[in-house]
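Step one of this worksheet: look at the structure below.
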Amino acid sequence: MALKNIKSKVLRVYPADTNTDEVISGKYKYDELDLKKLAVHAFESIDPTFYADSQKVKDPILIAANNFGCGSSREQAPQVILACGVSCIIAESYARIFYRNSFNIGLPLIECKGISKEAKQGDELAIDFKKNEIRNLTTGKTLPMKPIPEFMQQLLEAGGLMPYLKAQHK
Amino acid sequence: MGKTLAEKILSEKSGKDVAPGDLITVPVDFVFGQDGTMPLAIQQMEKELGTRKVFDPAKVAAVCDHASPSPSEQVSNVHIFMRKFARENGIHFFENGDGICHQIVAEKFAAPGKIIIGGDSHTCTHGALTAFATGMGSTDVGAIMAYGTTWLRVPESFKITVDGNLPKYVTSKDVFLHIVREITADGATYMSIEYLGSTINKMSVESRLVLSNMSVEAGAKVGLCPADEKVKAYLKKNGRVNEYRKIAADKNAVYTDELEIDAAGLEPLIAAPHRVDNVKPVSEFAGMHMDQVCIGSCTNGRIEDLKVAAEILKGKKAHPDTRLVVYPASRQVLAEAIKLGYIEILVKAGAAVGAPGCGFCIGRTVALGDGEKVLSTQNRNFRGRMGNNKSEIYLSNVPVAAVSAIYGKITDPREVL
């Protein structure tokens with residue numbers, strides 16, 4: 001089984017080293033266990049209109065430069081991104097805890113060199129998981145992406161780590 | 001081919017001859033979460049696996065440290081949720097005021113060769129006790145609490161050798177700030193840092209805990225220090241000498257990256273807003289007014305740190321325009337600091353001493369005002385971390401922080417002491 005290809009618009013392009021405090025501030029995460037309510041505050045400190053804009057696009061794509069999601073281990077970071085309806089993130093590279101957390105909850109992360117320069121807000125992208133390439137339908141450019149590791153694909157196909165483990169321990 | 005320390009521990013635990021890049025499943029010797037991550041871990045267990053029962057209560061801990069003592073009714077309700085889970089499972093539970101999870105785990109649970117997973121990015125702290133310790137998110141913590149195992153990708157290793165004597169008022173904090181300045185915030189992403197050399201060998205476990213704690217600020221998965229007599233003595237002091245064992249890298253181990261540091265050439269450093277790798281000599285900021293100076297955190301809130309702060313602040317007063325805030329890292333540290341007279345000195349110097357916990361570091365129980373500048377001994381200076389997006393966080397070692405509190409501005413201790 002292969003992952004389903006994605007065709008959608010770029011919601012935002014974030015700079016290098018965007019940290020999880022910026023994704024969701026620590027001042028909210030201790031108060032609220034409902035991720036849908038928490039999602040309203042996603043990227044609030046660096047991008048106050050993020051949540052509102054995320055609701056206007058179907059299955060939006062986030063783009064980032066290198067080391068996206070560095071800092072705190074808070075899983076609320078990928079959780080709120082997922083709760084905003086984001087279909088996948090494409091970045092030059094990721095911080096390791098964020099990387100793990102995202103696949104664990106079923107949010108696909110794609111590594112692609114050059115993407116932060118080749119995709120702009122509003123561009124339409126077509127992601128092909130068979131050919132492992134990303135086509136920018138707005139500019140006509142195609143970039144190769146790093147294939148998602150087999151094990152990570154299994155996690156996504158199962159719907160995350162918990163359903164994957166549950167099936168294994170049956 | 002020889003093995004690095006990380007490869008040694010993971011080979012032993014997985015029962016396989018591992019190499020970097022391998023995906024392995026390992027038993028977890030200890031797992032913990034704090035009040036920002038544990039509630040979601042419990043929720044994930046319940047919702048996804050349909051269970052609230054942990055695999056082995058002796059190997060699980062929940063710690064109320066991040067928002068402690070609870071500042072709001074919402075947080076208090078989250079603490080109730082954690083407390084209930086802890087009581088029904090009989091796991092280790094640490095209350096408001098018991099201290100920061102990493103200090104508690106260092107004192108009571110970490111030991112060479114163990115695999116320790118925590119729902120907190122600074123779990124790498126326990127590499128100072130030669131444990132393969134790394135931070136994960138709530139779903140991973142929930143899965144480990146249920147099954148007792150986790151998957152790991154065997155990391156490449158980064159060898160950092162520090163040789164020579166550290167100059168006066170230069171600490172392991174400066175060693176790390178120098179490293180992150182050299183290799184940047186993602187210079188060791190996914191990797192295991194191994195700290196070696198004569199400086200490390202001479203260093204106390206408390207100082208090594210700073211290096212291991214901050215390893216994640218360079219993206220590392222773990223930050224390992226040698227298992228030696230210093231580790232043995234630390235375990236002995238904490239009544240756990242039986243948990244000591246020697247484990248070391250092979251002489252012909254293969255490292256992906258290497259960095260050599262001459263300790264004698266280092267100076268006190270500052271990480272300026274809003275990045276940990278934005279590191280400059282203290283002299284570049286000398287004279288800059290600070291509204292608050294914070295001493296504590298899982299980086300620099302141990303007895304060794306409070307001793308240095310007390311020695312510098314003895315008989316002195318914090319500047320009237322600068323608030324001095326001190327949070328001991330654990331109840332054990334606070335009790336020892338009281339016994340040794342450090343707390344009396346700090347209180348007389350004008351410090352607001354808080355209950356052991358994360359306190360100021362994450363801005364949940366102590367927050368900054370608009371436009372304020374703070375000098376802190378913690379590990380992160382991200383925008384908004386201390387509760388206000390319109391404030392600036394500068395990071396330093398303890399001597400710089402203590403002397404800067406007296407003068408009310410960033411001060412180089414080598415100039416005035």
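Going through the structure tokens in order, the chains are called A, B, and so on, while each chain numbers its residues from 1 and the ligands are numbered from 1 in the order shown.
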Determine, using only C-alpha atoms, which residues of chain B have any atom at most 9 Å from an atom of chain A, and tabulate each with its shortest atom pair and distance in Å to one decimal place, rows ordered by chain and then rising number, as a tab-separated table.
```
residue	atom	partner	partner_atom	distance
B:Leu23	CA	A:Phe151	CA	8.7
B:Asp35	CA	A:Tyr30	CA	6.9
B:Gly36	CA	A:Tyr30	CA	5.3
B:Thr37	CA	A:Arg74	CA	6.5
B:Pro39	CA	A:Leu33	CA	7.7
B:Leu40	CA	A:Leu33	CA	7.1
B:Gln43	CA	A:Leu33	CA	8.9
B:Gln44	CA	A:Met162	CA	7.9
B:Met45	CA	A:Met162	CA	7.9
B:Glu48	CA	A:Met162	CA	5.9
B:Leu49	CA	A:Lys166	CA	6.5
B:His66	CA	A:Tyr30	CA	8.4
B:Ala67	CA	A:Tyr30	CA	7.3
B:Ser72	CA	A:Asp31	CA	8.2
B:Glu73	CA	A:Asp31	CA	8.6
B:Gln74	CA	A:Asp31	CA	5.1
B:Val75	CA	A:Asp31	CA	5.4
B:Ser76	CA	A:Asp31	CA	8.9
B:Asn77	CA	A:Asp31	CA	8.7
B:Val78	CA	A:Asp31	CA	7.4
B:Gly119	CA	A:Ser73	CA	6.7
B:Asp120	CA	A:Ser73	CA	5.2
B:Ser121	CA	A:Ser73	CA	4.7
B:His122	CA	A:Ser72	CA	8.0
B:Gly135	CA	A:Ser73	CA	6.6
B:Met136	CA	A:Ile97	CA	5.7
B:Gly137	CA	A:Glu75	CA	5.1
B:Ser138	CA	A:Glu75	CA	6.0
B:Thr139	CA	A:Asn104	CA	6.7
B:Asp140	CA	A:Asn104	CA	7.4
B:Gly142	CA	A:Met162	CA	8.7
B:Ala143	CA	A:Met162	CA	6.8
B:Tyr147	CA	A:His169	CA	9.0
B:Ala185	CA	A:Asp17	CA	7.8
B:Asp186	CA	A:Asn67	CA	6.3
B:Thr189	CA	A:Ala95	CA	6.5
B:Tyr190	CA	A:Arg96	CA	5.8
B:Val216	CA	A:Gly71	CA	7.6
B:Glu217	CA	A:Gly71	CA	7.0
B:Gly219	CA	A:Ala95	CA	6.4
B:Ala220	CA	A:Arg96	CA	8.2
B:Lys221	CA	A:Arg96	CA	7.4
B:Arg275	CA	A:Asp17	CA	8.9
B:Ile362	CA	A:Gly26	CA	6.9
B:Gly363	CA	A:Lys27	CA	7.3
B:Arg364	CA	A:Lys27	CA	6.1
B:Arg380	CA	A:Gly71	CA	8.2
B:Phe382	CA	A:Asp21	CA	7.4
B:Arg383	CA	A:Glu22	CA	7.8
B:Gly384	CA	A:Asp21	CA	7.6
B:Arg385	CA	A:Asp21	CA	6.9
B:Met386	CA	A:Gly26	CA	9.0
B:Gly387	CA	A:Lys27	CA	6.6
B:Asn389	CA	A:Ser45	CA	6.9
```
**OP:** List the neighbours of Val60 (chain B) out to 9 Å using only C-alpha atoms; skip same-chain residues closer than 6 positions along the sequence, and give me the result as a list in words.
**Re:** Asp29, Phe30, Val31, Phe32, Gly33, Val54, Ile91, His92, Phe93 and Met145 of chain B
Generate a file of the selected residues that holds C-alpha atoms, formatted as a PDB file, in the first residue's frame.
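Written out: out.pdb:
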```
ATOM      1  CA  ASP B  29      14.313   0.930  31.971  1.00  0.00           C
ATOM      2  CA  PHE B  30      12.567   4.106  33.063  1.00  0.00           C
ATOM      3  CA  VAL B  31       9.878   6.357  31.578  1.00  0.00           C
ATOM      4  CA  PHE B  32       8.479   9.620  32.918  1.00  0.00           C
ATOM      5  CA  GLY B  33       6.365  12.582  32.005  1.00  0.00           C
ATOM      6  CA  VAL B  54       1.210   0.719  33.067  1.00  0.00           C
ATOM      7  CA  ILE B  91       3.777   4.617  39.939  1.00  0.00           C
ATOM      8  CA  HIS B  92       6.268   7.128  41.362  1.00  0.00           C
ATOM      9  CA  PHE B  93       4.530  10.459  41.771  1.00  0.00           C
ATOM     10  CA  MET B 145       3.873   3.140  29.706  1.00  0.00           C
TER      11      MET B 145
END
```
Subject >> Selected residue of minimal separation from Ala271 (chain B) among B:Glu336, B:Glu311, B:Glu284, B:Glu7, counting only C-alpha atoms >> reply: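 Smallest separation from Ala271 (chain B) among the options: B:Glu284.
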**OP:** Write out as a PyMOL selection string which residues come within 12 Å of Leu368 (chain B) when counting only C-alpha atoms, dropping same-chain ones fewer than 2 positions away.
**Re:** chain B and resi 290-294+323+325+359-366+370-375+383-393
Original post:
Can you tell me, as a list in words, what residues are no more than 9 Å from Met191 (chain B) when counting only C-alpha atoms, ignoring any on the same chain fewer than 5 positions away?
Top reply: Val154, Pro155, Glu156, Ser157, Phe158, Gly219, Ala220, Lys221, Val222 and Gly223 of chain B
Please, could you write that set of residues out with C-alpha atoms as a short mmCIF file (atom, residue, chain, number, x, y, z; two decimals), in the first residue's frame?
```cif
data_model
loop_
_atom_site.label_atom_id
_atom_site.label_comp_id
_atom_site.auth_asym_id
_atom_site.auth_seq_id
_atom_site.Cartn_x
_atom_site.Cartn_y
_atom_site.Cartn_z
CA VAL B 154 20.59 3.99 16.21
CA PRO B 155 22.22 7.44 16.05
CA GLU B 156 25.48 8.45 14.46
CA SER B 157 27.97 9.68 17.07
CA PHE B 158 29.62 13.07 17.46
CA GLY B 219 19.64 18.92 18.04
CA ALA B 220 21.25 15.86 19.67
CA LYS B 221 19.27 12.79 20.69
CA VAL B 222 21.57 12.02 23.63
CA GLY B 223 24.63 13.60 25.24
#
```
Original post:
Counting only C-alpha atoms, what is within 8 Å of Leu125 (chain A), bar same-chain residues fewer than 3 positions away, as a list in words?
Top reply: Ile6, Lys7, Ser8, Lys9, Val10, Ile134, Arg135, Asn136, Leu137 and Thr138 of chain A
Subject >> Those in chain A with alpha helix (DSSP H) from DSSP, as an NGL selection string >> reply: :A and (20-23 or 26-29 or 35-39 or 50-54 or 76-83 or 96-104 or 115-118 or 150-158 or 161-168)
Keeping only C-alpha atoms, write the selected residues to a file as a PDB file, in the first residue's frame.
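Result file out_17.pdb:
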```pdb
ATOM      1  CA  THR A  20       7.716  24.399  19.107  1.00  0.00           C
ATOM      2  CA  ASP A  21       7.225  27.363  21.481  1.00  0.00           C
ATOM      3  CA  GLU A  22       6.345  29.310  18.321  1.00  0.00           C
ATOM      4  CA  VAL A  23       4.037  26.553  17.072  1.00  0.00           C
ATOM      5  CA  GLY A  26       3.816  26.970  26.636  1.00  0.00           C
ATOM      6  CA  LYS A  27       1.408  29.355  28.303  1.00  0.00           C
ATOM      7  CA  TYR A  28      -1.572  27.503  26.809  1.00  0.00           C
ATOM      8  CA  LYS A  29      -0.510  23.902  26.801  1.00  0.00           C
ATOM      9  CA  LEU A  35      -6.598  19.980  21.000  1.00  0.00           C
ATOM     10  CA  LYS A  36      -9.319  21.585  18.862  1.00  0.00           C
ATOM     11  CA  LYS A  37      -9.519  24.498  21.295  1.00  0.00           C
ATOM     12  CA  LEU A  38      -5.719  24.669  21.534  1.00  0.00           C
ATOM     13  CA  ALA A  39      -5.440  24.802  17.713  1.00  0.00           C
ATOM     14  CA  PHE A  50      -2.521  31.485  10.922  1.00  0.00           C
ATOM     15  CA  TYR A  51      -5.531  29.721  12.394  1.00  0.00           C
ATOM     16  CA  ALA A  52      -8.106  31.850  10.555  1.00  0.00           C
ATOM     17  CA  ASP A  53      -6.249  31.441   7.248  1.00  0.00           C
ATOM     18  CA  SER A  54      -5.848  27.681   7.755  1.00  0.00           C
ATOM     19  CA  GLN A  76       0.797  19.598  21.141  1.00  0.00           C
ATOM     20  CA  ALA A  77       2.888  21.226  18.359  1.00  0.00           C
ATOM     21  CA  PRO A  78       2.159  18.675  15.597  1.00  0.00           C
ATOM     22  CA  GLN A  79      -1.263  18.018  17.196  1.00  0.00           C
ATOM     23  CA  VAL A  80      -2.444  21.626  16.708  1.00  0.00           C
ATOM     24  CA  ILE A  81      -1.026  21.690  13.162  1.00  0.00           C
ATOM     25  CA  LEU A  82      -3.026  18.541  12.403  1.00  0.00           C
ATOM     26  CA  ALA A  83      -6.094  19.971  14.130  1.00  0.00           C
ATOM     27  CA  ARG A  96      14.109  14.822  15.833  1.00  0.00           C
ATOM     28  CA  ILE A  97      11.421  14.857  18.544  1.00  0.00           C
ATOM     29  CA  PHE A  98       9.040  16.813  16.315  1.00  0.00           C
ATOM     30  CA  TYR A  99       9.746  14.356  13.483  1.00  0.00           C
ATOM     31  CA  ARG A 100       8.893  11.388  15.660  1.00  0.00           C
ATOM     32  CA  ASN A 101       5.844  13.040  17.210  1.00  0.00           C
ATOM     33  CA  SER A 102       4.351  13.899  13.818  1.00  0.00           C
ATOM     34  CA  PHE A 103       4.487  10.375  12.395  1.00  0.00           C
ATOM     35  CA  ASN A 104       3.242   9.012  15.720  1.00  0.00           C
ATOM     36  CA  ILE A 115      11.636  23.607  -1.030  1.00  0.00           C
ATOM     37  CA  SER A 116      11.723  26.742   1.155  1.00  0.00           C
ATOM     38  CA  LYS A 117      12.975  28.733  -1.855  1.00  0.00           C
ATOM     39  CA  GLU A 118      10.919  26.992  -4.550  1.00  0.00           C
ATOM     40  CA  GLU A 150       9.387   2.360   5.207  1.00  0.00           C
ATOM     41  CA  PHE A 151       8.677   2.236   8.936  1.00  0.00           C
ATOM     42  CA  MET A 152       7.306   5.785   8.955  1.00  0.00           C
ATOM     43  CA  GLN A 153       5.028   4.867   6.035  1.00  0.00           C
ATOM     44  CA  GLN A 154       3.727   1.932   8.058  1.00  0.00           C
ATOM     45  CA  LEU A 155       2.933   4.292  10.935  1.00  0.00           C
ATOM     46  CA  LEU A 156       1.050   6.654   8.615  1.00  0.00           C
ATOM     47  CA  GLU A 157      -0.857   3.807   6.991  1.00  0.00           C
ATOM     48  CA  ALA A 158      -1.880   2.474  10.396  1.00  0.00           C
ATOM     49  CA  LEU A 161       1.856   4.742  16.495  1.00  0.00           C
ATOM     50  CA  MET A 162      -0.965   3.648  18.806  1.00  0.00           C
ATOM     51  CA  PRO A 163      -3.092   1.886  16.163  1.00  0.00           C
ATOM     52  CA  TYR A 164       0.131   0.379  14.757  1.00  0.00           C
ATOM     53  CA  LEU A 165       1.135  -1.048  18.156  1.00  0.00           C
ATOM     54  CA  LYS A 166      -2.381  -2.151  18.943  1.00  0.00           C
ATOM     55  CA  ALA A 167      -2.430  -4.274  15.767  1.00  0.00           C
ATOM     56  CA  GLN A 168       1.008  -5.697  16.619  1.00  0.00           C
TER      57      GLN A 168
END
```
Subject >> Lys131 (chain A) environment, 10 Å, only C-alpha atoms, sequence neighbours closer than 6 positions dropped, as a ChimeraX atom specification >> reply: /A:144-145,147
Original post:
Can you list every residue in region 82-248 of chain B that DSSP puts in strand (DSSP E or B), as a PyMOL selection string?
Top reply: chain B and resi 92-94+99+115-119+132-135+149-153+157-163+192-196+222-224
Take the residues just selected and output them with N, CA and C atoms as a short mmCIF file (atom, residue, chain, number, x, y, z; two decimals), in the first residue's frame.
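So out19.cif came out as:
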```
data_model
loop_
_atom_site.label_atom_id
_atom_site.label_comp_id
_atom_site.auth_asym_id
_atom_site.auth_seq_id
_atom_site.Cartn_x
_atom_site.Cartn_y
_atom_site.Cartn_z
N HIS B 92 5.63 6.04 40.61
CA HIS B 92 6.27 7.13 41.36
C HIS B 92 5.55 8.43 41.01
N PHE B 93 5.19 9.18 42.04
CA PHE B 93 4.53 10.46 41.77
C PHE B 93 5.23 11.56 42.54
N PHE B 94 5.60 12.62 41.85
CA PHE B 94 6.29 13.74 42.48
C PHE B 94 5.41 14.97 42.43
N GLY B 99 10.34 19.12 42.80
CA GLY B 99 11.47 19.49 41.94
C GLY B 99 11.23 19.21 40.48
N ILE B 115 18.25 2.65 29.66
CA ILE B 115 17.52 3.41 28.65
C ILE B 115 16.40 4.16 29.35
N ILE B 116 16.48 5.49 29.26
CA ILE B 116 15.51 6.34 29.95
C ILE B 116 14.81 7.22 28.93
N ILE B 117 13.49 7.19 28.94
CA ILE B 117 12.70 8.01 28.02
C ILE B 117 11.82 8.94 28.84
N GLY B 118 11.86 10.23 28.49
CA GLY B 118 11.03 11.20 29.20
C GLY B 118 10.22 12.04 28.24
N GLY B 119 9.03 12.42 28.68
CA GLY B 119 8.20 13.33 27.90
C GLY B 119 8.67 14.74 28.14
N PHE B 132 21.44 6.05 28.29
CA PHE B 132 20.95 6.44 26.97
C PHE B 132 19.57 7.05 27.22
N ALA B 133 19.55 8.37 27.35
CA ALA B 133 18.32 9.06 27.77
C ALA B 133 17.93 10.06 26.71
N THR B 134 16.66 10.01 26.31
CA THR B 134 16.22 10.95 25.27
C THR B 134 14.76 11.34 25.44
N GLY B 135 14.44 12.52 24.96
CA GLY B 135 13.08 13.04 25.07
C GLY B 135 12.21 12.53 23.94
N THR B 149 8.31 -0.97 25.90
CA THR B 149 9.36 -0.97 24.87
C THR B 149 9.19 0.25 23.98
N THR B 150 10.24 0.55 23.21
CA THR B 150 10.12 1.61 22.21
C THR B 150 11.03 1.29 21.03
N TRP B 151 10.78 1.97 19.90
CA TRP B 151 11.68 1.81 18.75
C TRP B 151 12.63 2.99 18.74
N LEU B 152 13.86 2.71 18.32
CA LEU B 152 14.87 3.76 18.21
C LEU B 152 15.63 3.59 16.91
N ARG B 153 16.04 4.69 16.36
CA ARG B 153 16.98 4.64 15.24
C ARG B 153 18.35 4.81 15.87
N SER B 157 27.38 9.06 15.88
CA SER B 157 27.97 9.68 17.07
C SER B 157 28.90 10.83 16.73
N PHE B 158 28.84 11.84 17.60
CA PHE B 158 29.62 13.07 17.46
C PHE B 158 30.53 13.14 18.67
N LYS B 159 31.84 13.06 18.42
CA LYS B 159 32.79 13.04 19.53
C LYS B 159 33.27 14.46 19.84
N ILE B 160 33.03 14.90 21.07
CA ILE B 160 33.50 16.23 21.46
C ILE B 160 34.52 16.06 22.58
N THR B 161 35.76 16.44 22.29
CA THR B 161 36.84 16.27 23.25
C THR B 161 37.22 17.62 23.84
N VAL B 162 37.17 17.70 25.18
CA VAL B 162 37.53 18.95 25.85
C VAL B 162 38.73 18.67 26.73
N ASP B 163 39.83 19.37 26.48
CA ASP B 163 41.06 19.14 27.25
C ASP B 163 41.54 20.43 27.92
N SER B 192 24.22 11.21 18.63
CA SER B 192 24.61 11.02 20.02
C SER B 192 25.91 11.79 20.21
N ILE B 193 25.90 12.78 21.11
CA ILE B 193 27.16 13.47 21.42
C ILE B 193 27.85 12.67 22.52
N GLU B 194 29.15 12.44 22.35
CA GLU B 194 29.95 11.81 23.40
C GLU B 194 30.97 12.83 23.88
N TYR B 195 30.90 13.17 25.17
CA TYR B 195 31.83 14.15 25.74
C TYR B 195 33.02 13.41 26.34
N LEU B 196 34.20 13.77 25.90
CA LEU B 196 35.42 13.09 26.37
C LEU B 196 36.51 14.13 26.65
N VAL B 222 21.01 12.26 22.30
CA VAL B 222 21.57 12.02 23.63
C VAL B 222 22.91 12.74 23.74
N GLY B 223 23.33 12.99 24.98
CA GLY B 223 24.63 13.60 25.24
C GLY B 223 25.31 12.80 26.34
N LEU B 224 26.21 11.90 25.95
CA LEU B 224 26.76 10.94 26.91
C LEU B 224 28.10 11.37 27.49
#
```
